[in-house]
2 protein chains.
Amino acid sequence: MKDAPLRTIRLLVAYEGTRFLGWQRQKKGPTVQQAIEEAVARVTGERVAVHGAGRTDAGVHAAGQVAHVRVRTAIPSERIPHALNANLPEDVRVLEASDAPDGFHARFGARAKVYAYTVRLHPHENPLDRAFVHRVSPPLDVAAMREGAAALLGTHDFGSFATHGSEGPAASRPSRIAGRGSVRTLARLDLAERGDYLTLIVEGDGFLRNMVRTIAGTLLEVGRGRLAPSAIPGILAARDRRRAGPTAPARGLCLLAVRY
Amino acid sequence: MKDAPLRTIRLLVAYEGTRFLGWQRQKKGPTVQQAIEEAVARVTGERVAVHGAGRTDAGVHAAGQVAHVRVRTAIPSERIPHALNANLPEDVRVLEASDAPDGFHARFGARAKVYAYTVRLHPHENPLDRAFVHRVSPPLDVAAMREGAAALLGTHDFGSFATHGSEGPAASRPSRIAGRGSVRTLARLDLAERGDYLTLIVEGDGFLRNMVRTIAGTLLEVGRGRLAPSAIPGILAARDRRRAGPTAPARGLCLLAVRY
């Protein structure tokens, strides 16, 4: 095994974030990274790091997280999902695995990520999706929210929408978009209405810490009429977290896809 | 309170069935009926029966169960959902409440019920919906399943598709459709495909015990090529449970709506 060549395996991962302290391994409690690293160790005998594209926070879900791991195992890639899933808790599943080129890095190679933030507009929670949506009492002025969203689209300094640190590649790390500080580009920011649900779909080249949840929380303030959509440019310009709305709850957020 | 008039309150109820032994109160463990009856007792001080339209089995979910309760409380109906929800576990929610005519009975008055049975066609479970779908490995011949479904549409003796007993009104109970034995009419039996999911939508004037799950299990046998769609008429004619397919797992079933 020591002499077998190192392979880079790319994984497509889904998880319910409810009981996890987030993606990134830490000592205080269970994380998704740790669960996958332990499954990899049991299946291959190799104790290696699993790198995820997005370091999702506590309680945040993923339908399409991408991760990679460098291992020497001879297991064919198509058998890897079943082998890992047999060793994972039922709230984490590896949906696909494939051999990737040597230089592939799930995080540093990510060109864009797509997140969804889902709100249930109803006086009462729905027991069938309570773990995956943030309930808000109606009404919401969705037209005003769309106007606010339009002001966030494109390239801006999103410092007002970040708690601290960043979830995407940052200046201190090897990245093809190093040195950009808190400037990010949102290529898409749509609000989709369906029945009692409102879903904010955000695609960007990287996200600061809590950025999608702060965008969601700010647009909800706009929807409630507490903030005018015309206030958004001033909030961006201020680069002051206190100017934006609250951080919306983690349960409504889901990492949908990572693009390379 | 003793002198206040009896009101008939109609409730719209949703629940995740995972941890319940079903709708109907029993001594062996938690049921949805018991949870709601206890909430009604705490809110109104009245110990009364809550009658549900469909007596869903253990593990079956509901998005639109209808129930009624006869109480003397003076609480306005629009405040009842919040009051009950504050006394219910988070996997049960009363979504609406309204005063109904005296004679209203959630079960005996039901004209039709709509159920959905959802299958995930994928080699791996999705942690985000694992509680609500039955996973099946692809492929399935959906065209053959539709052919089989067409043979079940309309009025038939569904004895081959019933475990025993019935979930809808039966001959021994006061019902405007008494005496019909195991004859039921399915007005709708659609298969909707969406991404990796296949949902069977069934609307009928009543359902025998496990009838939707047995229809789902039988159509899955057709989809896998183990049963020809042309075998369905013979299975119906036999009125023998052993001729139909297996009872599909409870987690995939959800009571969507009840019509009056």
# chains A, B, ... in the order shown; residues from 1 in each chain; ligands from 1
>>> closest_atom_pairs(of="chain B", to="chain A", cutoff="7 Å", atoms="only C-alpha atoms", output="Markdown table")
| residue | atom | partner | partner_atom | distance |
| --- | --- | --- | --- | --- |
| B:Ala14 | CA | A:Pro127 | CA | 6.4 |
| B:Tyr15 | CA | A:Pro127 | CA | 5.3 |
| B:Glu16 | CA | A:Leu128 | CA | 5.5 |
| B:Glu90 | CA | A:Pro127 | CA | 6.6 |
| B:Asp91 | CA | A:Pro127 | CA | 4.8 |
| B:Val92 | CA | A:Pro127 | CA | 5.9 |
| B:Arg93 | CA | A:Pro127 | CA | 6.5 |
| B:Leu95 | CA | A:His124 | CA | 6.1 |
| B:His124 | CA | A:Leu95 | CA | 6.1 |
| B:Glu125 | CA | A:Arg93 | CA | 6.9 |
| B:Asn126 | CA | A:Ala14 | CA | 6.7 |
| B:Pro127 | CA | A:Asp91 | CA | 4.8 |
| B:Leu128 | CA | A:Glu16 | CA | 5.6 |
>>> select_by_dssp(residues="segment 10-219 of chain B", states="helix (DSSP H, G or I)", output="ChimeraX atom specification")
/B:32-44,77-85,142-152,159-161,211-219
>>> residues_around(residues="Gly29 of chain A", least_positions_apart="5", cutoff="10 Å", atoms="only C-alpha atoms", output="list in words")
Arg19, Phe20, Leu21, Gly22 and Gln34 of chain A
>>> closest_residue(among="B:Arg146, B:Arg259, B:Arg224, B:Arg10", to="Leu189 of chain B", atoms="only C-alpha atoms")
B:Arg146
>>> select_by_dssp(residues="segment 79-245 of chain A", states="strand (DSSP E or B)", output="tab-separated table (two decimals) with C-alpha atoms, in the first residue's frame")
chain	number	residue	atom	x	y	z
A	92	VAL	CA	-24.22	12.18	5.70
A	93	ARG	CA	-24.05	10.48	2.30
A	94	VAL	CA	-21.39	10.33	-0.40
A	95	LEU	CA	-23.42	10.43	-3.61
A	96	GLU	CA	-20.58	10.13	-6.15
A	97	ALA	CA	-16.82	9.52	-6.25
A	98	SER	CA	-14.40	9.84	-9.15
A	99	ASP	CA	-10.64	9.98	-9.75
A	100	ALA	CA	-9.59	13.59	-10.29
A	112	ALA	CA	-18.32	29.27	-7.95
A	113	LYS	CA	-20.72	28.01	-5.29
A	114	VAL	CA	-24.49	28.00	-5.30
A	115	TYR	CA	-26.46	28.30	-2.06
A	116	ALA	CA	-30.20	28.25	-1.40
A	117	TYR	CA	-31.85	29.96	1.55
A	118	THR	CA	-35.45	28.83	2.02
A	119	VAL	CA	-38.15	30.64	3.95
A	120	ARG	CA	-41.60	29.29	4.81
A	121	LEU	CA	-44.12	32.12	4.73
A	134	HIS	CA	-36.74	29.33	8.30
A	135	ARG	CA	-40.39	30.15	9.08
A	136	VAL	CA	-41.50	33.74	8.76
A	154	GLY	CA	-22.38	41.87	-9.28
A	155	THR	CA	-19.00	42.74	-7.74
A	156	HIS	CA	-18.99	44.53	-4.39
A	157	ASP	CA	-17.09	44.73	-1.16
A	166	SER	CA	-14.37	34.00	5.21
A	183	VAL	CA	-14.70	41.79	-2.57
A	184	ARG	CA	-16.85	39.06	-4.08
A	185	THR	CA	-18.94	38.72	-7.22
A	186	LEU	CA	-22.51	37.45	-7.12
A	187	ALA	CA	-23.48	36.18	-10.57
A	188	ARG	CA	-26.99	35.24	-9.50
A	189	LEU	CA	-29.37	36.30	-6.76
A	190	ASP	CA	-32.88	35.07	-7.49
A	191	LEU	CA	-35.99	34.87	-5.37
A	192	ALA	CA	-38.23	31.97	-6.35
A	193	GLU	CA	-41.77	31.81	-4.94
A	194	ARG	CA	-43.60	28.49	-4.77
A	197	TYR	CA	-42.13	29.05	0.21
A	198	LEU	CA	-39.66	31.67	-0.90
A	199	THR	CA	-36.18	30.51	-1.91
A	200	LEU	CA	-33.22	32.80	-2.36
A	201	ILE	CA	-30.71	31.27	-4.79
A	202	VAL	CA	-27.26	32.85	-4.62
A	203	GLU	CA	-24.32	32.02	-6.87
A	204	GLY	CA	-20.96	33.64	-6.24
A	208	LEU	CA	-17.49	35.57	3.37
>>> closest_residue(among="B:Gly225, B:Thr218, B:Phe161, B:Gly54", to="Asp205 of chain B", atoms="only C-alpha atoms")
B:Gly54
>>> atom_distance(atom1="atom CA of Ala248 of chain A", atom2="atom CA of Leu88 of chain B")
25.0 Å
>>> residues_around(residues="Gly45 of chain B", least_positions_apart="2", cutoff="10 Å", atoms="only C-alpha atoms", output="PyMOL selection string")
chain B and resi 1+38-43+47-48+71-73
>>> residues_around(residues="Gly109 of chain A", least_positions_apart="4", cutoff="7 Å", atoms="only C-alpha atoms", output="NGL selection string")
:A and (104-105 or 260)
>>> write_last_selection(atoms="all heavy atoms", output="PDB file, in the first residue's frame")
ATOM      1  N   PHE A 104      -6.133  18.598  -8.470  1.00  0.00           N
ATOM      2  CA  PHE A 104      -7.486  19.020  -8.085  1.00  0.00           C
ATOM      3  C   PHE A 104      -7.578  19.308  -6.594  1.00  0.00           C
ATOM      4  O   PHE A 104      -7.186  18.493  -5.759  1.00  0.00           O
ATOM      5  CB  PHE A 104      -8.519  17.950  -8.464  1.00  0.00           C
ATOM      6  CG  PHE A 104      -9.916  18.299  -8.030  1.00  0.00           C
ATOM      7  CD1 PHE A 104     -10.671  19.213  -8.739  1.00  0.00           C
ATOM      8  CD2 PHE A 104     -10.462  17.730  -6.875  1.00  0.00           C
ATOM      9  CE1 PHE A 104     -11.952  19.554  -8.317  1.00  0.00           C
ATOM     10  CE2 PHE A 104     -11.744  18.073  -6.453  1.00  0.00           C
ATOM     11  CZ  PHE A 104     -12.488  18.980  -7.176  1.00  0.00           C
ATOM     12  N   HIS A 105      -8.111  20.476  -6.259  1.00  0.00           N
ATOM     13  CA  HIS A 105      -8.343  20.836  -4.849  1.00  0.00           C
ATOM     14  C   HIS A 105      -9.777  21.358  -4.736  1.00  0.00           C
ATOM     15  O   HIS A 105     -10.132  22.346  -5.372  1.00  0.00           O
ATOM     16  CB  HIS A 105      -7.349  21.905  -4.390  1.00  0.00           C
ATOM     17  CG  HIS A 105      -7.338  22.094  -2.892  1.00  0.00           C
ATOM     18  ND1 HIS A 105      -8.393  22.663  -2.215  1.00  0.00           N
ATOM     19  CD2 HIS A 105      -6.412  21.764  -1.950  1.00  0.00           C
ATOM     20  CE1 HIS A 105      -8.109  22.683  -0.921  1.00  0.00           C
ATOM     21  NE2 HIS A 105      -6.914  22.136  -0.733  1.00  0.00           N
ATOM     22  N   TYR A 260     -16.540  24.098 -10.970  1.00  0.00           N
ATOM     23  CA  TYR A 260     -15.081  24.119 -11.185  1.00  0.00           C
ATOM     24  C   TYR A 260     -14.768  24.545 -12.616  1.00  0.00           C
ATOM     25  O   TYR A 260     -15.643  24.542 -13.464  1.00  0.00           O
ATOM     26  CB  TYR A 260     -14.503  22.731 -10.903  1.00  0.00           C
ATOM     27  CG  TYR A 260     -14.604  22.412  -9.430  1.00  0.00           C
ATOM     28  CD1 TYR A 260     -15.740  21.770  -8.926  1.00  0.00           C
ATOM     29  CD2 TYR A 260     -13.614  22.818  -8.541  1.00  0.00           C
ATOM     30  CE1 TYR A 260     -15.859  21.533  -7.570  1.00  0.00           C
ATOM     31  CE2 TYR A 260     -13.737  22.576  -7.181  1.00  0.00           C
ATOM     32  CZ  TYR A 260     -14.862  21.932  -6.704  1.00  0.00           C
ATOM     33  OH  TYR A 260     -14.982  21.716  -5.365  1.00  0.00           O
TER      34      TYR A 260
END
>>> residues_around(residues="Ile232 of chain A", least_positions_apart="2", cutoff="10 Å", atoms="only C-alpha atoms", output="ChimeraX atom specification")
/A:147-152,218-219,222,227-230,234-238,243-244
>>> residues_around(residues="Ala106 of chain A", least_positions_apart="3", cutoff="7 Å", atoms="only C-alpha atoms", output="list in words")
His51, Gly52, Ala53, Val66, Ala67, His68, Gly109 and Ala110 of chain A
>>> write_last_selection(atoms="N, CA and C atoms", output="mmCIF file, in the first residue's frame")
data_model
loop_
_atom_site.group_PDB
_atom_site.id
_atom_site.type_symbol
_atom_site.label_atom_id
_atom_site.label_comp_id
_atom_site.auth_asym_id
_atom_site.auth_seq_id
_atom_site.Cartn_x
_atom_site.Cartn_y
_atom_site.Cartn_z
ATOM 1 N N HIS A 51 -10.812 17.456 2.276
ATOM 2 C CA HIS A 51 -10.957 18.902 2.049
ATOM 3 C C HIS A 51 -12.289 19.198 1.378
ATOM 4 N N GLY A 52 -13.095 20.059 1.997
ATOM 5 C CA GLY A 52 -14.385 20.418 1.419
ATOM 6 C C GLY A 52 -14.314 21.754 0.703
ATOM 7 N N ALA A 53 -15.170 21.929 -0.315
ATOM 8 C CA ALA A 53 -15.177 23.189 -1.056
ATOM 9 C C ALA A 53 -15.689 24.330 -0.187
ATOM 10 N N VAL A 66 -18.711 19.511 -2.449
ATOM 11 C CA VAL A 66 -17.656 18.749 -3.121
ATOM 12 C C VAL A 66 -16.460 18.697 -2.193
ATOM 13 N N ALA A 67 -15.828 17.530 -2.120
ATOM 14 C CA ALA A 67 -14.648 17.363 -1.272
ATOM 15 C C ALA A 67 -13.629 16.518 -2.032
ATOM 16 N N HIS A 68 -12.380 16.568 -1.581
ATOM 17 C CA HIS A 68 -11.399 15.642 -2.162
ATOM 18 C C HIS A 68 -10.547 15.056 -1.055
ATOM 19 N N GLY A 109 -9.814 25.123 -5.957
ATOM 20 C CA GLY A 109 -10.178 25.051 -7.377
ATOM 21 C C GLY A 109 -11.604 25.482 -7.664
ATOM 22 N N ALA A 110 -12.395 25.719 -6.623
ATOM 23 C CA ALA A 110 -13.817 26.057 -6.829
ATOM 24 C C ALA A 110 -13.938 27.412 -7.531
#
>>> decode(residues="segment 71-99 of chain A", atoms="C-alpha atoms", output="short mmCIF file (atom, residue, chain, number, x, y, z; two decimals), in the first residue's frame")
data_model
loop_
_atom_site.label_atom_id
_atom_site.label_comp_id
_atom_site.auth_asym_id
_atom_site.auth_seq_id
_atom_site.Cartn_x
_atom_site.Cartn_y
_atom_site.Cartn_z
CA VAL A 71 -5.41 8.10 -0.78
CA ARG A 72 -3.46 5.07 -2.03
CA THR A 73 -6.31 2.57 -1.80
CA ALA A 74 -6.96 0.38 -4.83
CA ILE A 75 -10.76 0.45 -4.39
CA PRO A 76 -12.34 1.41 -7.75
CA SER A 77 -13.92 4.87 -7.50
CA GLU A 78 -17.39 3.56 -8.36
CA ARG A 79 -17.36 1.38 -5.23
CA ILE A 80 -16.22 4.17 -2.92
CA PRO A 81 -19.66 5.74 -2.22
CA HIS A 82 -21.15 2.46 -1.01
CA ALA A 83 -18.06 1.66 1.06
CA LEU A 84 -18.01 5.08 2.75
CA ASN A 85 -21.79 5.21 3.24
CA ALA A 86 -21.68 1.91 5.11
CA ASN A 87 -19.41 3.71 7.59
CA LEU A 88 -21.18 7.07 7.77
CA PRO A 89 -24.06 8.21 10.00
CA GLU A 90 -27.35 8.41 8.09
CA ASP A 91 -27.29 12.22 7.99
CA VAL A 92 -24.22 12.18 5.70
CA ARG A 93 -24.05 10.48 2.30
CA VAL A 94 -21.39 10.33 -0.40
CA LEU A 95 -23.42 10.43 -3.61
CA GLU A 96 -20.58 10.13 -6.15
CA ALA A 97 -16.82 9.52 -6.25
CA SER A 98 -14.40 9.84 -9.15
CA ASP A 99 -10.64 9.98 -9.75
#
